[in-house]
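So this one's upload_25.pdb, PDB, C-alpha atoms:
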ATOM      1  CA  MET K 240     -22.062  11.552   1.164
ATOM      2  CA  SER K 241     -24.858   9.696  -0.605
ATOM      3  CA  ASN K 242     -26.873   9.063   2.583
ATOM      4  CA  SER K 243     -26.893   9.671   6.320
ATOM      5  CA  ARG K 244     -25.259   6.298   6.967
ATOM      6  CA  PRO K 245     -22.233   6.087   4.654
ATOM      7  CA  LEU K 246     -21.748   2.859   2.753
ATOM      8  CA  VAL K 247     -18.312   1.225   2.919
ATOM      9  CA  GLN K 248     -17.296  -0.998   0.019
ATOM     10  CA  VAL K 249     -14.668  -3.637   0.749
ATOM     11  CA  ARG K 250     -12.864  -5.170  -2.211
ATOM     12  CA  THR K 251     -11.318  -8.575  -1.552
ATOM     13  CA  PRO K 252      -9.015 -10.301  -4.052
ATOM     14  CA  THR K 253      -8.594 -14.009  -3.345
ATOM     15  CA  TYR K 254      -6.876 -17.087  -4.752
ATOM     16  CA  ARG K 255      -7.094 -20.597  -3.289
ATOM     17  CA  ARG K 256      -7.033 -19.660   0.387
ATOM     18  CA  PRO K 257     -10.556 -20.521   1.553
ATOM     19  CA  ALA K 258      -9.737 -20.664   5.278
ATOM     20  CA  ALA K 259      -7.991 -17.293   5.159
ATOM     21  CA  LEU K 260     -10.828 -15.826   3.085
ATOM     22  CA  ARG K 261     -13.349 -16.970   5.679
ATOM     23  CA  ARG K 262     -11.372 -15.227   8.432
ATOM     24  CA  ALA K 263     -11.103 -12.022   6.399
ATOM     25  CA  LEU K 264     -14.824 -11.911   5.654
ATOM     26  CA  GLU K 265     -15.786 -12.739   9.231
ATOM     27  CA  SER K 266     -13.683  -9.768  10.353
ATOM     28  CA  VAL K 267     -15.834  -7.551   8.141
ATOM     29  CA  MET K 268     -18.995  -9.112   9.526
ATOM     30  CA  ALA K 269     -17.720  -8.249  13.029
ATOM     31  CA  GLN K 270     -17.308  -4.532  12.273
ATOM     32  CA  SER K 271     -18.972  -2.075  14.638
ATOM     33  CA  TRP K 272     -20.175  -0.190  11.537
ATOM     34  CA  ASP K 273     -22.681  -2.420   9.748
ATOM     35  CA  ASN K 274     -23.467  -0.496   6.558
ATOM     36  CA  TRP K 275     -20.993  -2.209   4.246
ATOM     37  CA  ILE K 276     -20.726  -4.497   1.235
ATOM     38  CA  VAL K 277     -17.905  -6.823   0.194
ATOM     39  CA  ASP K 278     -17.081  -7.703  -3.391
ATOM     40  CA  VAL K 279     -14.940 -10.839  -3.513
ATOM     41  CA  TYR K 280     -12.885 -11.275  -6.701
ATOM     42  CA  ASP K 281     -11.833 -14.915  -6.976
ATOM     43  CA  ASP K 282      -8.923 -15.573  -9.338
ATOM     44  CA  ASP K 283      -9.134 -19.345  -8.913
ATOM     45  CA  PRO K 284     -10.588 -21.071 -12.020
ATOM     46  CA  LEU K 285     -11.910 -23.764  -9.630
ATOM     47  CA  ARG K 286     -13.717 -21.099  -7.549
ATOM     48  CA  ALA K 287     -12.430 -22.105  -4.131
ATOM     49  CA  GLY K 288     -13.859 -18.926  -2.612
ATOM     50  CA  GLU K 289     -17.416 -19.426  -3.831
ATOM     51  CA  LYS K 290     -18.272 -22.038  -1.194
ATOM     52  CA  ILE K 291     -17.000 -19.790   1.609
ATOM     53  CA  CYS K 292     -19.137 -16.867   0.478
ATOM     54  CA  ALA K 293     -22.193 -19.122   0.204
ATOM     55  CA  GLU K 294     -21.647 -20.627   3.660
ATOM     56  CA  LEU K 295     -21.404 -17.212   5.317
ATOM     57  CA  ALA K 296     -24.843 -16.458   3.858
ATOM     58  CA  ASP K 297     -24.624 -12.692   4.265
ATOM     59  CA  PRO K 298     -26.303 -10.796   1.394
ATOM     60  CA  ARG K 299     -23.768  -8.002   1.827
ATOM     61  CA  ILE K 300     -21.040 -10.358   0.555
ATOM     62  CA  ARG K 301     -21.060 -10.705  -3.228
ATOM     63  CA  TYR K 302     -18.963 -13.256  -5.089
ATOM     64  CA  HIS K 303     -17.325 -12.655  -8.481
ATOM     65  CA  ALA K 304     -15.316 -15.232 -10.415
ATOM     66  CA  ASN K 305     -12.629 -13.582 -12.536
ATOM     67  CA  SER K 306     -12.845 -14.584 -16.171
ATOM     68  CA  PRO K 307     -10.327 -14.490 -17.667
ATOM     69  CA  GLN K 308      -7.945 -14.991 -14.755
ATOM     70  CA  ARG K 309      -6.222 -11.735 -13.702
ATOM     71  CA  PHE K 310      -3.369 -13.160 -11.606
ATOM     72  CA  ALA K 311      -2.332 -11.656  -8.286
ATOM     73  CA  SER K 312      -0.928  -8.225  -9.098
ATOM     74  CA  ARG K 313      -3.705  -7.250 -11.505
ATOM     75  CA  ASN K 314      -6.407  -8.711  -9.264
ATOM     76  CA  ILE K 315      -5.121  -6.611  -6.363
ATOM     77  CA  ASP K 316      -4.614  -3.483  -8.461
ATOM     78  CA  SER K 317      -8.133  -3.667  -9.929
ATOM     79  CA  CYS K 318      -9.509  -3.380  -6.405
ATOM     80  CA  PHE K 319      -8.203   0.210  -6.306
ATOM     81  CA  SER K 320     -10.304   1.246  -9.291
ATOM     82  CA  ALA K 321     -12.087   4.592  -9.143
ATOM     83  CA  GLU K 322     -15.250   2.980 -10.532
ATOM     84  CA  ASN K 323     -18.173   3.103  -8.117
ATOM     85  CA  PRO K 324     -21.156   1.110  -9.426
ATOM     86  CA  ASN K 325     -22.432   0.527  -5.881
ATOM     87  CA  ASP K 326     -22.582   4.262  -5.107
ATOM     88  CA  ALA K 327     -20.403   3.658  -2.049
ATOM     89  CA  ASP K 328     -19.041   6.437   0.131
ATOM     90  CA  TYR K 329     -15.834   4.819   1.382
ATOM     91  CA  PHE K 330     -13.551   2.064   0.135
ATOM     92  CA  CYS K 331     -10.832  -0.275   1.315
ATOM     93  CA  VAL K 332      -9.032  -3.367   0.039
ATOM     94  CA  LEU K 333      -8.865  -6.471   2.203
ATOM     95  CA  GLU K 334      -6.630  -9.161   0.715
ATOM     96  CA  ASP K 335      -7.781 -12.640   1.642
ATOM     97  CA  ASP K 336      -4.911 -13.375   4.059
ATOM     98  CA  ASN K 337      -5.386 -10.180   6.089
ATOM     99  CA  TYR K 338      -8.154  -9.160   8.469
ATOM    100  CA  LEU K 339      -9.688  -6.128  10.168
ATOM    101  CA  LEU K 340     -10.180  -5.220  13.815
ATOM    102  CA  PRO K 341     -13.769  -4.279  14.783
ATOM    103  CA  ASP K 342     -13.504  -0.457  14.612
ATOM    104  CA  PHE K 343     -11.579  -0.197  11.325
ATOM    105  CA  PHE K 344     -14.498   1.345   9.395
ATOM    106  CA  ALA K 345     -15.897   3.540  12.152
ATOM    107  CA  ASP K 346     -12.611   5.024  13.297
ATOM    108  CA  ASN K 347     -11.327   5.721   9.798
ATOM    109  CA  MET K 348     -14.555   7.506   8.877
ATOM    110  CA  ARG K 349     -14.257   9.555  12.075
ATOM    111  CA  LEU K 350     -10.735  10.648  11.123
ATOM    112  CA  CYS K 351     -11.874  11.639   7.632
ATOM    113  CA  ARG K 352     -14.579  13.848   9.126
ATOM    114  CA  GLU K 353     -12.492  15.355  11.910
ATOM    115  CA  HIS K 354      -9.460  16.189   9.761
ATOM    116  CA  GLY K 355     -11.197  17.023   6.500
ATOM    117  CA  VAL K 356      -9.336  14.395   4.474
ATOM    118  CA  GLU K 357     -10.431  11.858   1.878
ATOM    119  CA  ILE K 358      -7.645   9.317   2.542
ATOM    120  CA  VAL K 359      -6.480   7.669   5.752
ATOM    121  CA  LEU K 360      -3.486   5.362   5.965
ATOM    122  CA  ARG K 361      -3.985   3.118   8.976
ATOM    123  CA  ASN K 362      -1.302   1.239  10.868
ATOM    124  CA  GLN K 363      -1.551  -2.577  10.921
ATOM    125  CA  LEU K 364      -0.325  -5.272  13.236
ATOM    126  CA  ILE K 365       1.869  -7.948  11.651
ATOM    127  CA  GLU K 366       0.927 -11.623  11.735
ATOM    128  CA  TYR K 367       4.090 -13.685  11.668
ATOM    129  CA  GLN K 368       4.079 -17.279  10.397
ATOM    130  CA  SER K 369       0.571 -16.803   9.088
ATOM    131  CA  ALA K 370      -1.496 -19.928   8.369
ATOM    132  CA  THR K 371       0.719 -22.063  10.612
ATOM    133  CA  PRO K 372       0.255 -23.310  14.204
ATOM    134  CA  SER K 373       2.937 -20.789  15.246
ATOM    135  CA  ALA K 374       1.076 -17.745  13.942
ATOM    136  CA  HIS K 375       1.338 -14.747  16.267
ATOM    137  CA  LEU K 376       0.904 -10.983  16.199
ATOM    138  CA  SER K 377       3.554  -8.312  16.522
ATOM    139  CA  ASP K 378       3.721  -5.899  19.423
ATOM    140  CA  GLY K 379       3.898  -2.900  17.097
ATOM    141  CA  GLY K 380       2.638  -1.961  13.640
ATOM    142  CA  VAL K 381       4.057  -1.928  10.113
ATOM    143  CA  LEU K 382       4.252   1.886  10.099
ATOM    144  CA  ASP K 383       5.862   2.366  13.521
ATOM    145  CA  HIS K 384       9.370   2.840  12.168
ATOM    146  CA  LEU K 385       8.334   5.111   9.314
ATOM    147  CA  PHE K 386       5.673   7.674  10.290
ATOM    148  CA  VAL K 387       4.308   9.587  13.233
ATOM    149  CA  GLU K 388       0.599  10.340  13.725
ATOM    150  CA  GLY K 389      -0.825  13.296  11.859
ATOM    151  CA  LEU K 390      -1.652  15.067   8.623
ATOM    152  CA  TYR K 391       0.770  14.854   5.699
ATOM    153  CA  ALA K 392       0.791  17.022   2.615
ATOM    154  CA  PRO K 393       1.303  14.835  -0.472
ATOM    155  CA  GLU K 394       4.804  16.108  -1.216
ATOM    156  CA  ILE K 395       5.848  15.251   2.355
ATOM    157  CA  PHE K 396       4.091  11.874   2.297
ATOM    158  CA  ARG K 397       5.907  10.854  -0.895
ATOM    159  CA  MET K 398       9.255  11.458   0.827
ATOM    160  CA  SER K 399       8.543   8.300   2.843
ATOM    161  CA  LEU K 400       9.637   6.396  -0.268
ATOM    162  CA  LEU K 401      13.203   7.366   0.574
ATOM    163  CA  VAL K 402      13.144   5.273   3.752
ATOM    164  CA  GLY K 403      10.301   2.792   3.281
ATOM    165  CA  ILE K 404       7.398   1.550   1.205
ATOM    166  CA  GLY K 405       4.892   4.162   2.388
ATOM    167  CA  VAL K 406       1.502   2.706   1.509
ATOM    168  CA  SER K 407       0.488  -0.722   2.748
ATOM    169  CA  ASN K 408      -2.555  -1.821   0.736
ATOM    170  CA  GLY K 409      -4.541  -3.086   3.707
ATOM    171  CA  GLY K 410      -4.134   0.173   5.602
ATOM    172  CA  LEU K 411      -5.615   2.463   2.948
ATOM    173  CA  PHE K 412      -9.128   3.829   3.469
ATOM    174  CA  TRP K 413     -10.478   6.435   1.078
ATOM    175  CA  SER K 414     -13.669   8.250   0.158
ATOM    176  CA  ARG K 415     -15.456   8.727  -3.132
ATOM    177  CA  ALA K 416     -14.183  12.328  -3.135
ATOM    178  CA  ALA K 417     -10.511  11.278  -3.184
ATOM    179  CA  THR K 418      -8.705  12.585  -6.271
ATOM    180  CA  SER K 419      -5.603  10.349  -6.122
ATOM    181  CA  ARG K 420      -5.325   7.647  -8.795
ATOM    182  CA  LEU K 421      -4.752   4.615  -6.586
ATOM    183  CA  GLU K 422      -5.090   2.007  -9.327
ATOM    184  CA  ILE K 423      -1.643   1.778 -10.924
ATOM    185  CA  GLY K 424      -2.686   0.328 -14.268
ATOM    186  CA  PHE K 425       0.829  -0.689 -15.343
ATOM    187  CA  LYS K 426       2.378  -4.148 -15.379
ATOM    188  CA  CYS K 427       4.544  -4.657 -12.293
ATOM    189  CA  THR K 428       4.656  -6.738  -9.133
ATOM    190  CA  ALA K 429       2.164  -6.221  -6.329
ATOM    191  CA  THR K 430       4.969  -4.943  -4.089
ATOM    192  CA  MET K 431       6.049  -2.358  -6.646
ATOM    193  CA  GLN K 432       2.426  -1.239  -6.872
ATOM    194  CA  GLU K 433       2.574  -0.178  -3.221
ATOM    195  CA  TYR K 434       5.601   2.028  -3.873
ATOM    196  CA  MET K 435       3.822   3.484  -6.909
ATOM    197  CA  ARG K 436       0.636   3.967  -4.912
ATOM    198  CA  THR K 437       2.572   6.059  -2.404
ATOM    199  CA  PHE K 438       3.842   8.222  -5.267
ATOM    200  CA  SER K 439       0.256   8.501  -6.592
ATOM    201  CA  VAL K 440      -1.183  10.223  -3.511
ATOM    202  CA  ASN K 441      -1.768  13.830  -4.550
ATOM    203  CA  GLU K 442      -3.856  15.158  -1.663
ATOM    204  CA  LEU K 443      -3.741  15.604   2.099
ATOM    205  CA  ILE K 444      -3.580  12.243   3.904
ATOM    206  CA  TYR K 445      -3.965  11.342   7.573
ATOM    207  CA  LEU K 446      -1.574   8.804   9.120
ATOM    208  CA  ALA K 447      -3.357   6.885  11.896
ATOM    209  CA  MET K 448      -0.858   5.030  14.038
ATOM    210  CA  GLU K 449      -3.201   2.969  16.233
ATOM    211  CA  PRO K 450      -3.406  -0.450  14.494
ATOM    212  CA  LYS K 451      -6.918  -1.387  13.417
ATOM    213  CA  ALA K 452      -6.067  -4.181  10.960
ATOM    214  CA  VAL K 453      -3.687  -7.124  10.594
ATOM    215  CA  TRP K 454      -1.237  -7.735   7.759
ATOM    216  CA  ALA K 455       0.071 -11.258   7.187
ATOM    217  CA  GLU K 456       3.802 -11.505   6.557
ATOM    218  CA  ASN K 457       3.796 -14.496   4.231
ATOM    219  CA  ALA K 458       5.501 -13.481   0.989
ATOM    220  CA  SER K 459       7.121 -16.916   0.699
ATOM    221  CA  GLN K 460       3.662 -18.510   0.651
ATOM    222  CA  THR K 461       2.347 -16.385  -2.215
ATOM    223  CA  THR K 462       2.972 -15.770  -5.916
ATOM    224  CA  ARG K 463       2.088 -12.056  -5.793
ATOM    225  CA  ASN K 464       5.633 -11.043  -6.851
ATOM    226  CA  ALA K 465       6.564 -14.026  -9.028
ATOM    227  CA  GLU K 466       4.416 -13.352 -12.088
ATOM    228  CA  LEU K 467       7.077 -11.539 -14.091
ATOM    229  CA  GLY K 468       9.441 -14.529 -13.938
ATOM    230  CA  GLY K 469      13.218 -14.368 -14.039
ATOM    231  CA  GLY K 470      13.989 -15.912 -10.667
ATOM    232  CA  TYR K 471      14.109 -14.427  -7.175
ATOM    233  CA  TRP K 472      17.363 -12.438  -7.473
ATOM    234  CA  ARG K 473      16.434 -10.973 -10.846
ATOM    235  CA  ARG K 474      13.080  -9.827  -9.461
ATOM    236  CA  GLU K 475      14.721  -8.367  -6.361
ATOM    237  CA  LEU K 476      17.335  -6.437  -8.341
ATOM    238  CA  ASP K 477      14.749  -5.074 -10.737
ATOM    239  CA  LEU K 478      12.476  -4.082  -7.837
ATOM    240  CA  LYS K 479      15.339  -2.271  -6.093
ATOM    241  CA  ARG K 480      16.300  -0.531  -9.339
ATOM    242  CA  GLN K 481      12.779   0.769  -9.872
ATOM    243  CA  VAL K 482      12.478   1.864  -6.245
ATOM    244  CA  GLN K 483      15.814   3.662  -6.558
ATOM    245  CA  ALA K 484      14.624   5.462  -9.688
ATOM    246  CA  LEU K 485      11.361   6.399  -7.957
ATOM    247  CA  GLN K 486      13.297   7.771  -4.979
ATOM    248  CA  ARG K 487      15.350   9.968  -7.269
ATOM    249  CA  VAL K 488      12.201  11.336  -8.913
ATOM    250  CA  VAL K 489      10.718  12.119  -5.496
ATOM    251  CA  TRP K 490      13.867  13.987  -4.434
ATOM    252  CA  GLU K 491      14.180  15.874  -7.711
ATOM    253  CA  CYS K 492      10.555  17.020  -7.540
ATOM    254  CA  ALA K 493      10.768  18.110  -3.891
ATOM    255  CA  SER K 494      11.183  21.742  -2.918
ATOM    256  CA  ARG K 495      14.094  22.849  -0.754
ATOM    257  CA  GLU K 496      11.730  23.177   2.211
ATOM    258  CA  THR K 497      10.425  19.636   1.713
ATOM    259  CA  ARG K 498      13.946  18.246   1.546
ATOM    260  CA  ILE K 499      14.841  19.986   4.804
ATOM    261  CA  LEU K 500      11.705  18.582   6.448
ATOM    262  CA  PHE K 501      12.671  15.094   5.338
ATOM    263  CA  LEU K 502      16.224  15.394   6.601
ATOM    264  CA  SER K 503      15.476  16.883  10.012
ATOM    265  CA  GLY K 504      11.718  17.229  10.504
ATOM    266  CA  ALA K 505       9.541  15.311  12.950
ATOM    267  CA  ASN K 506       7.208  13.831  10.317
ATOM    268  CA  PHE K 507       9.207  10.645   9.952
ATOM    269  CA  ALA K 508      10.317   8.153  12.584
ATOM    270  CA  PRO K 509      13.740   7.041  11.216
ATOM    271  CA  PRO K 510      16.782   8.776  12.780
ATOM    272  CA  ALA K 511      18.706  11.330  10.707
ATOM    273  CA  ALA K 512      21.553   8.886   9.975
ATOM    274  CA  LEU K 513      19.157   6.354   8.456
ATOM    275  CA  ARG K 514      17.564   9.048   6.291
ATOM    276  CA  ALA K 515      21.022  10.114   5.090
ATOM    277  CA  ARG K 516      22.001   6.496   4.384
ATOM    278  CA  ALA K 517      18.906   6.092   2.207
ATOM    279  CA  LEU K 518      19.879   9.140   0.134
ATOM    280  CA  ALA K 519      23.377   7.754  -0.383
ATOM    281  CA  LYS K 520      22.019   4.393  -1.515
ATOM    282  CA  ALA K 521      19.668   6.137  -3.942
ATOM    283  CA  LEU K 522      22.725   7.920  -5.422
ATOM    284  CA  ILE K 523      21.207  11.297  -4.630
ATOM    285  CA  GLY K 524      23.779  14.084  -4.711
ATOM    286  CA  TYR K 525      23.588  15.050  -1.071
ATOM    287  CA  ARG K 526      26.604  15.110   1.267
ATOM    288  CA  PRO K 527      25.350  13.676   4.545
ATOM    289  CA  THR K 528      26.956  15.168   7.651
ATOM    290  CA  GLU K 529      24.821  12.767   9.712
ATOM    291  CA  LEU K 530      26.599   9.716   8.295
ATOM    292  CA  ALA K 531      30.145   8.480   8.797
ATOM    293  CA  PRO K 532      32.191   8.487   5.536
ATOM    294  CA  ALA K 533      32.587   4.691   5.592
ATOM    295  CA  ALA K 534      28.839   4.160   5.966
ATOM    296  CA  ALA K 535      28.120   6.681   3.213
ATOM    297  CA  LEU K 536      30.566   4.902   0.883
ATOM    298  CA  GLU K 537      29.095   1.490   1.626
ATOM    299  CA  SER K 538      25.561   2.749   0.892
ATOM    300  CA  ALA K 539      26.687   4.417  -2.324
ATOM    301  CA  LEU K 540      28.399   1.229  -3.506
ATOM    302  CA  ARG K 541      25.200  -0.719  -2.904
ATOM    303  CA  GLY K 542      23.338   1.893  -4.894
ATOM    304  CA  ILE K 543      25.813   1.655  -7.760
ATOM    305  CA  ALA K 544      25.399  -2.129  -7.872
ATOM    306  CA  ILE K 545      21.627  -1.742  -8.037
ATOM    307  CA  ARG K 546      21.978   0.864 -10.782
ATOM    308  CA  LEU K 547      24.310  -1.377 -12.819
ATOM    309  CA  PHE K 548      22.533  -4.711 -12.487
ATOM    310  CA  GLY K 549      18.878  -3.820 -11.924
ATOM    311  CA  ARG K 550      16.521  -3.017 -14.782
ATOM    312  CA  LEU K 551      13.713  -0.528 -15.235
ATOM    313  CA  ALA K 552      10.483  -1.970 -16.606
ATOM    314  CA  PRO K 553       9.195  -0.386 -19.852
ATOM    315  CA  GLU K 554       6.111   0.753 -17.926
ATOM    316  CA  PHE K 555       8.078   2.748 -15.360
ATOM    317  CA  ARG K 556       8.494   5.983 -17.326
ATOM    318  CA  PRO K 557       4.898   6.054 -18.593
ATOM    319  CA  PHE K 558       3.738   5.651 -14.981
ATOM    320  CA  ILE K 559       5.877   8.585 -13.807
ATOM    321  CA  GLU K 560       4.617  10.720 -16.668
ATOM    322  CA  SER K 561       0.984   9.848 -15.915
ATOM    323  CA  ARG K 562       1.255  10.832 -12.256
ATOM    324  CA  THR K 563       3.280  13.951 -13.035
ATOM    325  CA  ALA K 564       0.544  15.003 -15.459
ATOM    326  CA  GLN K 565      -2.046  14.331 -12.756
ATOM    327  CA  ALA K 566      -0.153  16.564 -10.313
ATOM    328  CA  ARG K 567      -0.088  19.372 -12.897
ATOM    329  CA  THR K 568      -3.788  19.138 -13.831
ATOM    330  CA  GLY K 569      -5.260  17.941 -10.520
ATOM    331  CA  ALA K 570      -7.232  15.351 -12.519
TER     332      ALA K 570
END
Rewritten as structure tokens:
Amino acid sequence: MSNSRPLVQVRTPTYRRPAALRRALESVMAQSWDNWIVDVYDDDPLRAGEKICAELADPRIRYHANSPQRFASRNIDSCFSAENPNDADYFCVLEDDNYLLPDFFADNMRLCREHGVEIVLRNQLIEYQSATPSAHLSDGGVLDHLFVEGLYAPEIFRMSLLVGIGVSNGGLFWSRAATSRLEIGFKCTATMQEYMRTFSVNELIYLAMEPKAVWAENASQTTRNAELGGGYWRRELDLKRQVQALQRVVWECASRETRILFLSGANFAPPAALRARALAKALIGYRPTELAPAAALESALRGIAIRLFGRLAPEFRPFIESRTAQARTGA
């Protein structure tokens, strides 16, 4: 590390949510670890976030107005850049509608040291009905039904794509020594980026199941997945088609041992029948003994519909090739 007190850089994309931005930044100011900086990237041409940053009056918070406008998916993705002009030791991305619990920095750094990893994926509580008088937190976390606590080799971690999204942006915490290319760099929705980010992890990762952050479930209030146009159902079908194709790549690249671990190992929380159902829906040539024939047929028919009516973006294959090349070279 660059000094005896590691510097954490927080990258915060924001767009016209000043009250939420204030809450997010105040959660950083409340961290038990105080050696941090925040770079706020405001995509609002009217600079709604600038006043909030000025009012907080903390020199560790730096405001940047995007020019030209990046729009949501690119603004978020840019926050995962490997560039490090601040000579920081650790990094995380805090979207303006989310917030951190006080020990997020300190506990994630501890796990990196204790387990010899450069990436931690941290569980998050869910805030339902965010930004409304009925807002409330979940009892469990976003990762509860996907992972169990512990170390994951990258080929095992990527298998999570068969039953879930894997990476949640706000739960990622990584060091300057991480080798995974977390910035996607291809045109797609912000949700698809999270699937791709899971596929991009190429090193040992620690899954920390105690929630230390809060993720706002408010997709209907945002435009993060609407930039590509085409209407809701077109976007959903295309997303499912690309996820299905990514699942097939993950399975095809997995060793026999990794496949067995996915089907029956203790690394993942979903029951065996749910894992088998996911394979059937992805149209993977595996005959699931854990799944009733009717359920297997239903899942396969859903997968066929996705294959027929969903579309792959032109950027999908170049992305796969770029990450496959990275896995071969370690670069």
Each residue of stretch 492-528 of chain K lying at most 8 Å from stretch 467-487 of chain K should get a row with its shortest atom-to-atom pair and the distance in Å to one decimal, counting all atoms listed in the file; could you produce that, ordered by chain and increasing number, as JSON lines?
{"residue": "K:Ala521", "atom": "CA", "partner": "K:Gln483", "partner_atom": "CA", "distance": 5.3}
{"residue": "K:Leu522", "atom": "CA", "partner": "K:Arg487", "partner_atom": "CA", "distance": 7.9}
{"residue": "K:Ile523", "atom": "CA", "partner": "K:Arg487", "partner_atom": "CA", "distance": 6.6}
> Could you work out how far atom CA of K:Lys426 lies from atom CA of K:Leu551, giving the answer in Å with one decimal?
Replying inline: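 About the pair atom CA of K:Leu551 and atom CA of K:Lys426: they are 11.9 Å apart.
Distances to K:Arg498 were evaluated for K:Glu334, K:Ala287, K:Glu529, K:Ile395 using only C-alpha atoms, and the minimum falls at K:Ile395.
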Do you know which residues are at most 10 Å from K:Val402 counting all atoms listed in the file, after dropping those on the same chain fewer than 3 positions away, and could you put them as a short mmCIF file (atom, residue, chain, number, x, y, z; two decimals) with C-alpha atoms, in the coordinates of the input?
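Dumped everything to result_36.cif:
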data_model
loop_
_atom_site.label_atom_id
_atom_site.label_comp_id
_atom_site.auth_asym_id
_atom_site.auth_seq_id
_atom_site.Cartn_x
_atom_site.Cartn_y
_atom_site.Cartn_z
CA HIS K 384 9.37 2.84 12.17
CA LEU K 385 8.33 5.11 9.31
CA MET K 398 9.26 11.46 0.83
CA SER K 399 8.54 8.30 2.84
CA GLY K 405 4.89 4.16 2.39
CA GLN K 486 13.30 7.77 -4.98
CA PHE K 501 12.67 15.09 5.34
CA PHE K 507 9.21 10.64 9.95
CA ALA K 508 10.32 8.15 12.58
CA PRO K 509 13.74 7.04 11.22
CA LEU K 513 19.16 6.35 8.46
CA ARG K 514 17.56 9.05 6.29
CA ALA K 515 21.02 10.11 5.09
CA ARG K 516 22.00 6.50 4.38
CA ALA K 517 18.91 6.09 2.21
CA LEU K 518 19.88 9.14 0.13
#
>> On this structure, the PyMOL selection byres ((chain K and resi 441) around 8) would catch which residues? List them as a PyMOL selection string, sorted by chain and number.
In response: chain K and resi 393-394+418-419+438-440+442-443+566
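Closest approach to K:Pro450 among K:Asn506, K:Asn408, K:Gln363, K:Ser414 is made by K:Gln363 (distances from all atoms listed in the file).
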> If you measure from atom CA of K:Glu289 to atom CA of K:Ser312, what distance in Å do you get, rounded to one decimal?
Replying inline: 20.6 Å
Please provide as a tab-separated table (two decimals) with C-alpha atoms, in the frame of the given file all residues within 12 Å of K:Pro532, with the sequence filter that same-chain residues fewer than 5 positions apart are discarded (counting all atoms listed in the file).
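And here is the file that came out, out_16.tsv:
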chain	number	residue	atom	x	y	z
K	512	ALA	CA	21.55	8.89	9.98
K	515	ALA	CA	21.02	10.11	5.09
K	516	ARG	CA	22.00	6.50	4.38
K	519	ALA	CA	23.38	7.75	-0.38
K	526	ARG	CA	26.60	15.11	1.27
K	527	PRO	CA	25.35	13.68	4.54
K	537	GLU	CA	29.10	1.49	1.63
K	538	SER	CA	25.56	2.75	0.89
K	539	ALA	CA	26.69	4.42	-2.32
> So which residues touch K:Asp273 within 10 Å, counting all atoms listed in the file, skipping near sequence neighbours fewer than 3 positions away, as a ChimeraX atom specification?
Replying inline: /K:244-247,267-270,276,299,344-345
>> Can you translate the PyMOL selection byres ((chain K and resi 248-264) around 8) into the concrete residues it hits in this file, as a VMD selection string?
In response: chain K and resid 246 to 247 265 to 268 275 to 283 286 to 288 291 to 292 311 314 to 315 318 325 327 to 339 370
Could you write out the selected residues, including C-alpha atoms, as a short mmCIF file (atom, residue, chain, number, x, y, z; two decimals), in the frame of the given file?
data_model
loop_
_atom_site.label_atom_id
_atom_site.label_comp_id
_atom_site.auth_asym_id
_atom_site.auth_seq_id
_atom_site.Cartn_x
_atom_site.Cartn_y
_atom_site.Cartn_z
CA LEU K 246 -21.75 2.86 2.75
CA VAL K 247 -18.31 1.23 2.92
CA GLU K 265 -15.79 -12.74 9.23
CA SER K 266 -13.68 -9.77 10.35
CA VAL K 267 -15.83 -7.55 8.14
CA MET K 268 -19.00 -9.11 9.53
CA TRP K 275 -20.99 -2.21 4.25
CA ILE K 276 -20.73 -4.50 1.24
CA VAL K 277 -17.90 -6.82 0.19
CA ASP K 278 -17.08 -7.70 -3.39
CA VAL K 279 -14.94 -10.84 -3.51
CA TYR K 280 -12.88 -11.28 -6.70
CA ASP K 281 -11.83 -14.92 -6.98
CA ASP K 282 -8.92 -15.57 -9.34
CA ASP K 283 -9.13 -19.34 -8.91
CA ARG K 286 -13.72 -21.10 -7.55
CA ALA K 287 -12.43 -22.10 -4.13
CA GLY K 288 -13.86 -18.93 -2.61
CA ILE K 291 -17.00 -19.79 1.61
CA CYS K 292 -19.14 -16.87 0.48
CA ALA K 311 -2.33 -11.66 -8.29
CA ASN K 314 -6.41 -8.71 -9.26
CA ILE K 315 -5.12 -6.61 -6.36
CA CYS K 318 -9.51 -3.38 -6.40
CA ASN K 325 -22.43 0.53 -5.88
CA ALA K 327 -20.40 3.66 -2.05
CA ASP K 328 -19.04 6.44 0.13
CA TYR K 329 -15.83 4.82 1.38
CA PHE K 330 -13.55 2.06 0.14
CA CYS K 331 -10.83 -0.28 1.32
CA VAL K 332 -9.03 -3.37 0.04
CA LEU K 333 -8.86 -6.47 2.20
CA GLU K 334 -6.63 -9.16 0.72
CA ASP K 335 -7.78 -12.64 1.64
CA ASP K 336 -4.91 -13.38 4.06
CA ASN K 337 -5.39 -10.18 6.09
CA TYR K 338 -8.15 -9.16 8.47
CA LEU K 339 -9.69 -6.13 10.17
CA ALA K 370 -1.50 -19.93 8.37
#
> Between atom CA of K:Arg309 and atom CA of K:Gly409, what is the distance, to one decimal in Å?
Replying inline: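 Between these atoms lies a distance of 19.5 Å.
Residues in contact range of K:Arg361, defined as at most 10 Å between all atoms listed in the file, with sequence neighbours fewer than 4 positions away removed, read K:Phe343, K:Asp346, K:Asn347, K:Gly380, K:Val381, K:Leu382, K:Glu388, K:Val406, K:Ser407, K:Asn408, K:Gly409, K:Gly410, K:Leu411, K:Phe412, K:Tyr445, K:Leu446, K:Ala447, K:Met448, K:Glu449, K:Pro450, K:Lys451, K:Ala452.
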> Taking all atoms listed in the file into account, which of K:Leu376, K:Ile300, K:Ala321, K:Ala534 comes nearest K:Leu421?
Replying inline: K:Ala321
>> Given all atoms listed in the file as the basis, pick out the residue of K:Leu547, K:Ala511, K:Leu360, K:Ala564 nearest to K:Gly389.
In response: K:Leu360
